[in-house]
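Engineer: Here's a structure for you.
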Amino acid sequence: MPCRSLIRVYPDSYTLSATLRACSTGSLIRPGQQAHALAITSSIAGDPLVSTRLIDMYFSCHLPVVAALVFDSAPPLALKNQVLWTMFITGLTKNGETRTAMERFHSMRALDIESNQFTLSTVLSACASERALRFGFQVHGYAVRMGVGSSPFVQSSLVSLYSKCSDFSSAKRVLETSNLDDPVSWNALIVSCARGALHEDALSLFAEMHHQGLPLDEFTYPSTLNSASSTGDIGSGRCIHCLILRSGFDSHMHVGNALVDMYAKLGSFDCARRVFNEMLERDVVTWTSLLVGLARQGLHDVALQLYSTMRAHRVEPDEFATAGALSSCAGSTALELGRQVHAASVRCGLETFLSVTNSLVTMYAKCGSINDACGVFDASTCRDAVTWTALIVGYAQNGRGRDSLRLYDAMLFSGIRPDYVTFIGLLFACSHFGLVESGRAYLESMEKVYHIIPGPEHYACMVDLLGRSGRLEEAVELLERMGVESDATMWKSLLAACRVHRDVLLAERAAQRLFELAPEDAVPHVMLANVYCAAGRWADVARVRSLMRARGVSKEPGWSWMEGGGAVHAFRAGDRGHPRAADIFAMVAEMMQRIKKEEGYKAETGFALHDESEEGKAAELAHHSEKLAVAWGLITSPFGKPIRVYKNLRVCGDCHAALKLVAKVYERVIILRDANCFHHMREGTCSCGDYW
DNA sequence: ATAGGGTTAG
C-alpha cells in the first residue's frame with residue numbers, strides 16, 4: 001500500500017474565526033459549513049472564539065436551529081462564556097425567536113453567568129418584541145444592580161420596551177435620565193407614539209428634540225413623517241422635508257421612502273413623484289409607498305401602471321406590493337391582471353401571507369369571480385377576521401346571501417371574533433335576502449354581545465332591509481331615532497324602496513332630504529322621476545326634469561366596459577365609436593329580436609329618458625351601454641365562458657329584464673357588476689332577486 | 001469577539 005504523504009495545514013482559531021466572520025457578513029452558507037467542518041477536523045470547534053463565530057454564521061444564514069445545535073453541543077468550558085451566551089441570545093432575537101431568547105436568558109441567570117450591557121440591551125429588545133412588560137421590569141432592576149443602567153444601549157432598549165408596552169410614563173422617566181446626545185431613545189419613543197396613533201405626541205417629541213439641539217438622524221425622520229401624514233398636516237410635513245434637505249438626510253433611502261409615502265398619502269403626487277425621481281436608490285418600499293398612495297386616492301389605473309413599471313425595473317414585489325396591486329385590481333375590476341398578480345404571488349411564495357390572502361379574496365369577490373374568491377379562501381392556511389369578512393361581503397354582493405350567513409356561523413365556530421365590517425356584510429346579506437328578523441338579531445348581537453357601536457353603514461343596510469320588505473314607516477322611524485346622523489346613502493335606499501313599493505308621498509319626502517344633503521347629485525332627481533313615471537304622473541316627471549335643468553344637475557353619463565384580449569372595451573349609450581360598431585349593432589338587433597320572439601320580451605319604456613314615440617324609446621333602450629357591451633361579449637368571448645360586464649351606474653330596469661332573457665336564449669352566464677352589486681344572470685333569472 | 005431605534009397592507 002503506497003503511502004501518500006499529505007501536508008495538512010490546520011488553521012488556528014484566530015484564522016478560522018476571521019473566515020467565519022467573512023461568511024457571516026456575506027450570509028455564505030456553503031463556505032461557512034466548510035469552515036465548520038474544518039473546525040471539527042482541527043479539533044477547535046469547541047473553542048469559545050470559534051463557537052461564537054459559528055453561531056453568528058448560522059444565524060446570519062437564517063439557520064437558528066443549527067445555531068442552537070452548535071450552542072448546545074459546545075463544551076462546558078465554552079458554555080461559561082458570557083460573550084458566547086450574548087451572541088446566542090442576540091442571534092435568536094434577530095431571527096425573531098424572541099420567546100426563546102428570553103428563556104435562554106433565564107437559563108443563563110440560573111447558571112450564574114453574569115450579563116453585561118450587551119446581553120441586557122438585547123434581552124430588553126426581545127422583551128419589547130414580546131411586549132413582556134413584567135419580565136422587562138425584572139431585567140431593568142437586574143441591569144441597575146449590574147451597574148449598566150445608564151448605558152445608552154440599555155436605556156434605549158428600555159425606552160423602546162416601555163413605550164411599546166404603552167407605559168409612556170416609565171419610558172419618559174428613563175428618557176429624562178438618559179444621555180442627551182443620543183437620539184436613539186427619542187427615536188424609539190417617537191416610533192411607539194406613531195404606531196399607537198399618538199401622532200400629536202410624536203410630532204411634539206420631534207419638535208422638542210429639534211429645540212434641544214439633539215442630533216437628528218436617519219431613524220428620526222421616517223416615523224415623524226409617518227405621524228405628519230397621519231395628522232393630515234402637510235405644513236409640518238413640508239417643514240420636516242426642509243430640515244431633511246438642509247441636513248442631507250435625503251440621501252438615506254428610508255428617509256426618501258417616508259417622504260414619498262407622506263406626500264402620496266396626502267395626495268400630493270407631484271411632490272411624491274419628485275422625491276421618487278430624485279432618489280439615488282429605490283427599493284420595493286419606495287414603489288409600494290407611491291402605489292398605495294395612488295390607490296388610496298382611487299387612482300387605481302395609475303397605480304397598476306406603476307406596478308408594471310416596477311416589474312419592468314426588475315424590482316421583485318413583496319407581500320406589501322402584491323397586496324397593494326391586488327387592491328387596485330379590485331378597485332378597477334381588473335380581473336385578468338388580478339389573475340396575473342395572483343400567479344406571480346404563487347411563483348414568489350407570497351400567497352401564504354395573510355395580507356395577500358385577504359387582498360386576493362377581496363379582489364376576486366369585487367371582480368365578481370366569487371368561486372375564485374372561495375378557492376383562495378379554502379386554500380388559505382391562515383385566516384383572520386378580514387379574510388372571513390371579505391368572503392362574507394363577497395357572497396352578499398354576489399347575491400349568495402345564504403352562503404354569506406352560513407360562512408358567518410363557520411367563522412364563529414372557528415373562534416374568530418366578528419368586527420365592524422363583518423356586520424356590514426351580514427346586514428347587507430340580510431337586506432339582499434329579505435331576512436328582516438335575522439337582520440334585527442345581528443344588529444342586536446353586534447351591540448350586546450360584541451360591544452360594537454353600529455355606524456352609518458349598518459343603519460344604511462337596516463333602512464334598505466326594512467324598505468325592501470315594504471316596512472317603509474319603520475325605516476323612516478329608524479332614520480329618526482338611530483344614534484347617528486342620517487346620510488345620503490340611507491335616504492337613497494329609502495327612495496329606492498319607495499319606487500318599488502310605489503309610495504309617492506314618502507318618496508317626495510326622501511327626495512327633499514336628498515336635495516338638501518346633496519343638491520348637486522343627479523341620482524335622487526332621476527329616482528324621483530322614476531317614481532312619478534311608475535305612477536303615471538307625467539306632469540311631475542316633466543317638473544323634475546326642468547328642476548334638474550334649472551339646478552344645472554345632469555345625470556352622470558352611463559358607460560359599460562368589459563375586459564378581453566388584454567384590453568378594455570368601453571361603451572356609452574348609442575356609441576358607434578368602436579371599430580366594429582356595425583357588428584355590435586347587428587348583434588344587438590339579433591339579441592332583441594330573439595328575446596322578443598322566443599321569450600315574449602317587451603321594452604319597459606318607462607326607463608327611457610327622452611320623450612319620444614314608443615318605437616323611439618325602444619330603440620334608445622336597445623342601445624344602452626350594457627346591451628352594447630353584452631353584444632360585444634357574445635361576439636368575442638368563447639361559448640361557455642361567462643360574459644363579464646361592468647357598469648358605472650345602476651343597471652337600468654329594461655336592460656336587467658332583457659339581459660336575463662339574453663342569458664337564457666344564448667345559454668350564457670352574464671355577470672354584470674353595477675354601482676350597487678353584482679348581477680349573475682343565468683337561465684332567465686338573476687342573483688339579485690330583481691331588487692337592486 | 002458580543003448591543004439599541006425606522007418606511008410599505010386588508
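In the C-alpha cells, chains take the letters A, B, ... in the order shown, each chain's residues start at 1, and ligands count up from 1 in the order shown.
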Neighbours of Val386 (chain A) within 8 Å (only C-alpha atoms (C1' of nucleotides); same-chain residues fewer than 4 positions away dropped), as a PDB file with N, CA, C and O atoms (P, O5', C5', C4', C3', O3' and C1' of nucleotides), in the first residue's frame?
Structural biologist:
ATOM      1  N   ASN A 358     -55.864  37.947   2.002  1.00  0.00           N
ATOM      2  CA  ASN A 358     -57.005  38.840   2.171  1.00  0.00           C
ATOM      3  C   ASN A 358     -57.268  39.673   0.924  1.00  0.00           C
ATOM      4  O   ASN A 358     -58.416  39.829   0.510  1.00  0.00           O
ATOM      5  N   ALA A 390     -64.124  39.324   4.172  1.00  0.00           N
ATOM      6  CA  ALA A 390     -64.019  39.571   2.731  1.00  0.00           C
ATOM      7  C   ALA A 390     -64.941  38.620   1.969  1.00  0.00           C
ATOM      8  O   ALA A 390     -65.629  39.024   1.030  1.00  0.00           O
TER       9      ALA A 390
ATOM     10  P    DG B  10     -54.446  48.034   1.543  1.00  0.00           P
ATOM     11  O5'  DG B  10     -55.395  46.812   1.929  1.00  0.00           O
ATOM     12  C5'  DG B  10     -55.254  45.590   1.235  1.00  0.00           C
ATOM     13  C4'  DG B  10     -56.161  44.571   1.887  1.00  0.00           C
ATOM     14  C3'  DG B  10     -57.563  45.104   2.190  1.00  0.00           C
ATOM     15  O3'  DG B  10     -58.536  44.172   1.737  1.00  0.00           O
ATOM     16  C1'  DG B  10     -56.529  44.297   4.180  1.00  0.00           C
TER      17       DG B  10
END
Engineer: Can you pull out every residue within 10 Å of DG6 (chain B), counting only C-alpha atoms (C1' of nucleotides), but drop anything in the same chain fewer than 4 positions away, and send it as a list in words?
Structural biologist: Asn187, Ala188, Val191, Glu218, Phe219, Thr220, Tyr221, Pro222, Ser223, Thr224, His254, Val255 and Ala258 of chain A
Engineer: For a quick check of understanding, using only C-alpha atoms (C1' of nucleotides), which of A:Ile40, A:Leu672, A:Met253, A:Met209 has the smallest distance to chain B?
Structural biologist: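 Result for the nearest residue to chain B: A:Met253.
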Engineer: Please compute the CA of Trp491 (chain A)-CA of His451 (chain A) distance, one decimal, in Å.
Structural biologist: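 That distance, rounded to one decimal, is 26.6 Å.
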Engineer: To one decimal place, how far is CA of Leu84 (chain A) from CA of Arg131 (chain A) in Å?
Structural biologist: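 Separation between CA of Leu84 (chain A) and CA of Arg131 (chain A): 25.5 Å.
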Engineer: Considering only C-alpha atoms (C1' of nucleotides), return as an MDAnalysis selection string whatever protein or nucleic-acid residues lie within 10 Å of DA1 (chain B), sequence-local ones (same chain, fewer than 3 positions apart) excluded.
Structural biologist: chainID A and resid 17 48:50 52:53 83:84 87
Engineer: Set the distance at 6 Å and use only C-alpha atoms (C1' of nucleotides): which residues neighbour region 679-686 of chain A once local chain neighbours fewer than 4 positions away are removed? I'd like the list as a PyMOL selection string.
Structural biologist: chain A and resi 660-661+663-664+669-672
Engineer: Please determine, counting only C-alpha atoms, which residue among A:Ser445, A:Thr387, A:Ser404, A:Ser369 has the shortest atom-to-atom distance to Ile643 (chain A).
Structural biologist: A:Ser369
Engineer: Identify which of the residues A:Gly574, A:Gly46, A:Gly248, A:Gly293 lies closest to chain B, counting only C-alpha atoms (C1' of nucleotides) when measuring atom-to-atom distances.
Structural biologist: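 For chain B, the nearest of the given residues is A:Gly293.
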Engineer: Give the alpha helix (DSSP H) residues of region 443-536 of chain A, as assigned by DSSP on the backbone, as a ChimeraX atom specification.
Structural biologist: /A:443-448,456-468,472-481,488-501,504-517,522-534
Engineer: Give me, please, the distance in Å between CA of Val568 (chain A) and CA of Glu351 (chain A), quoted to one decimal.
Structural biologist: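 These two atoms are separated by 27.0 Å.
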Engineer: So that I can check the surroundings of DG4 (chain B), please list as a list in words every protein, DNA and RNA residue that reaches within 9 Å of it, counting only C-alpha atoms (C1' of nucleotides) and ignoring chain neighbours fewer than 3 positions away.
Structural biologist: Ser121, Thr122, Ser125, Pro152, Phe153, Val154, Gln155, Ser156, Ser157, Leu158, Ser160, Val184, Ser185 and Ala188 of chain A
Engineer: Please produce an output containing all heavy atoms for each residue in the selection, written as an mmCIF file, in the first residue's frame.
Structural biologist:
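For reference, part01.cif as written:
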data_model
loop_
_atom_site.group_PDB
_atom_site.id
_atom_site.type_symbol
_atom_site.label_atom_id
_atom_site.label_comp_id
_atom_site.auth_asym_id
_atom_site.auth_seq_id
_atom_site.Cartn_x
_atom_site.Cartn_y
_atom_site.Cartn_z
ATOM 1 N N SER A 121 -29.099 44.736 26.739
ATOM 2 C CA SER A 121 -29.838 45.514 25.735
ATOM 3 C C SER A 121 -30.559 44.583 24.767
ATOM 4 O O SER A 121 -31.702 44.838 24.379
ATOM 5 C CB SER A 121 -28.917 46.486 25.001
ATOM 6 O OG SER A 121 -27.775 45.829 24.530
ATOM 7 N N THR A 122 -29.899 43.476 24.418
ATOM 8 C CA THR A 122 -30.552 42.508 23.539
ATOM 9 C C THR A 122 -31.770 41.868 24.199
ATOM 10 O O THR A 122 -32.835 41.765 23.586
ATOM 11 C CB THR A 122 -29.545 41.411 23.156
ATOM 12 O OG1 THR A 122 -28.648 41.941 22.199
ATOM 13 C CG2 THR A 122 -30.244 40.222 22.557
ATOM 14 N N SER A 125 -34.623 44.122 24.259
ATOM 15 C CA SER A 125 -35.288 44.296 22.972
ATOM 16 C C SER A 125 -36.154 43.072 22.649
ATOM 17 O O SER A 125 -37.225 43.205 22.050
ATOM 18 C CB SER A 125 -34.264 44.611 21.896
ATOM 19 O OG SER A 125 -34.202 43.616 20.934
ATOM 20 N N PRO A 152 -26.177 53.827 27.350
ATOM 21 C CA PRO A 152 -27.135 54.311 26.352
ATOM 22 C C PRO A 152 -27.843 53.180 25.615
ATOM 23 O O PRO A 152 -29.009 53.309 25.236
ATOM 24 C CB PRO A 152 -26.273 55.134 25.397
ATOM 25 C CG PRO A 152 -24.873 54.998 25.824
ATOM 26 C CD PRO A 152 -24.829 54.331 27.152
ATOM 27 N N PHE A 153 -27.161 52.051 25.435
ATOM 28 C CA PHE A 153 -27.794 50.927 24.745
ATOM 29 C C PHE A 153 -28.902 50.327 25.587
ATOM 30 O O PHE A 153 -30.000 50.049 25.105
ATOM 31 C CB PHE A 153 -26.746 49.868 24.396
ATOM 32 C CG PHE A 153 -25.853 50.272 23.270
ATOM 33 C CD1 PHE A 153 -24.674 50.962 23.511
ATOM 34 C CD2 PHE A 153 -26.204 50.007 21.969
ATOM 35 C CE1 PHE A 153 -23.860 51.361 22.478
ATOM 36 C CE2 PHE A 153 -25.391 50.393 20.914
ATOM 37 C CZ PHE A 153 -24.215 51.083 21.167
ATOM 38 N N VAL A 154 -28.614 50.144 26.887
ATOM 39 C CA VAL A 154 -29.633 49.600 27.779
ATOM 40 C C VAL A 154 -30.789 50.586 27.890
ATOM 41 O O VAL A 154 -31.970 50.203 27.825
ATOM 42 C CB VAL A 154 -29.021 49.298 29.165
ATOM 43 C CG1 VAL A 154 -30.108 48.943 30.166
ATOM 44 C CG2 VAL A 154 -28.008 48.159 29.060
ATOM 45 N N GLN A 155 -30.459 51.864 27.991
ATOM 46 C CA GLN A 155 -31.518 52.861 28.153
ATOM 47 C C GLN A 155 -32.431 52.934 26.932
ATOM 48 O O GLN A 155 -33.651 52.992 27.071
ATOM 49 C CB GLN A 155 -30.893 54.226 28.426
ATOM 50 C CG GLN A 155 -30.391 54.316 29.857
ATOM 51 C CD GLN A 155 -29.982 55.717 30.224
ATOM 52 O OE1 GLN A 155 -29.545 56.483 29.372
ATOM 53 N NE2 GLN A 155 -30.104 56.036 31.494
ATOM 54 N N SER A 156 -31.848 52.905 25.760
ATOM 55 C CA SER A 156 -32.713 52.996 24.587
ATOM 56 C C SER A 156 -33.595 51.757 24.461
ATOM 57 O O SER A 156 -34.760 51.852 24.084
ATOM 58 C CB SER A 156 -31.884 53.197 23.323
ATOM 59 O OG SER A 156 -30.944 52.167 23.182
ATOM 60 N N SER A 157 -33.037 50.601 24.847
ATOM 61 C CA SER A 157 -33.866 49.386 24.825
ATOM 62 C C SER A 157 -34.986 49.491 25.836
ATOM 63 O O SER A 157 -36.102 49.014 25.591
ATOM 64 C CB SER A 157 -33.026 48.156 25.137
ATOM 65 O OG SER A 157 -31.982 48.034 24.224
ATOM 66 N N LEU A 158 -34.693 50.099 26.983
ATOM 67 C CA LEU A 158 -35.725 50.274 27.997
ATOM 68 C C LEU A 158 -36.828 51.201 27.497
ATOM 69 O O LEU A 158 -38.017 50.908 27.652
ATOM 70 C CB LEU A 158 -35.107 50.849 29.281
ATOM 71 C CG LEU A 158 -34.378 49.850 30.169
ATOM 72 C CD1 LEU A 158 -33.570 50.572 31.249
ATOM 73 C CD2 LEU A 158 -35.378 48.893 30.830
ATOM 74 N N SER A 160 -37.636 51.739 24.461
ATOM 75 C CA SER A 160 -38.388 51.006 23.450
ATOM 76 C C SER A 160 -39.360 50.024 24.097
ATOM 77 O O SER A 160 -40.531 49.938 23.710
ATOM 78 C CB SER A 160 -37.402 50.274 22.553
ATOM 79 O OG SER A 160 -38.077 49.441 21.670
ATOM 80 N N VAL A 184 -31.283 57.825 20.023
ATOM 81 C CA VAL A 184 -31.936 56.531 19.816
ATOM 82 C C VAL A 184 -33.160 56.346 20.710
ATOM 83 O O VAL A 184 -34.215 55.887 20.259
ATOM 84 C CB VAL A 184 -30.940 55.370 20.030
ATOM 85 C CG1 VAL A 184 -31.621 54.037 19.817
ATOM 86 C CG2 VAL A 184 -29.779 55.509 19.078
ATOM 87 N N SER A 185 -33.049 56.729 21.985
ATOM 88 C CA SER A 185 -34.186 56.585 22.885
ATOM 89 C C SER A 185 -35.361 57.429 22.416
ATOM 90 O O SER A 185 -36.517 56.995 22.451
ATOM 91 C CB SER A 185 -33.799 57.019 24.293
ATOM 92 O OG SER A 185 -32.771 56.197 24.776
ATOM 93 N N ALA A 188 -37.034 55.776 19.567
ATOM 94 C CA ALA A 188 -37.870 54.653 19.993
ATOM 95 C C ALA A 188 -39.219 55.146 20.486
ATOM 96 O O ALA A 188 -40.268 54.562 20.178
ATOM 97 C CB ALA A 188 -37.162 53.859 21.086
#
Engineer: Determine, counting only C-alpha atoms (C1' of nucleotides), which protein, DNA and RNA residues have an atom within 12 Å of an atom of Gln212 (chain A); residues of the same chain fewer than 3 positions away are not included. Present the result as a list in words.
Structural biologist: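 So the residues in contact are Leu180, Asp181, Asp182, Pro183, Trp186, Leu205, Phe206, Ala207, Glu208, Met209, Pro215 and Leu216 of chain A.
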Engineer: Can you pull out the residues contacting Pro418 (chain A)? Cut-off 10 Å, using only C-alpha atoms (C1' of nucleotides), and skip same-chain residues under 3 positions away; I want them as a list in words.
Structural biologist: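 Answer for this query is Asp384, Ala385, Val386, Trp388, Thr389, Tyr408, Met411, Leu412, Gly415, Val421, Thr422, Phe423, Met446, Tyr450 and Ile452 of chain A.
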Engineer: Given the choices A:Ala539, A:Leu337, A:Glu319, A:Leu426, which gets closest to Leu304 (chain A) if the distance is worked out from only C-alpha atoms?
Structural biologist: A:Leu337
Engineer: Just checking: using only C-alpha atoms (C1' of nucleotides), which residue out of A:Ser170, A:Ser192, A:Thr98, A:Thr286 ends up closest to DG5 (chain B)?
Structural biologist: A:Ser192
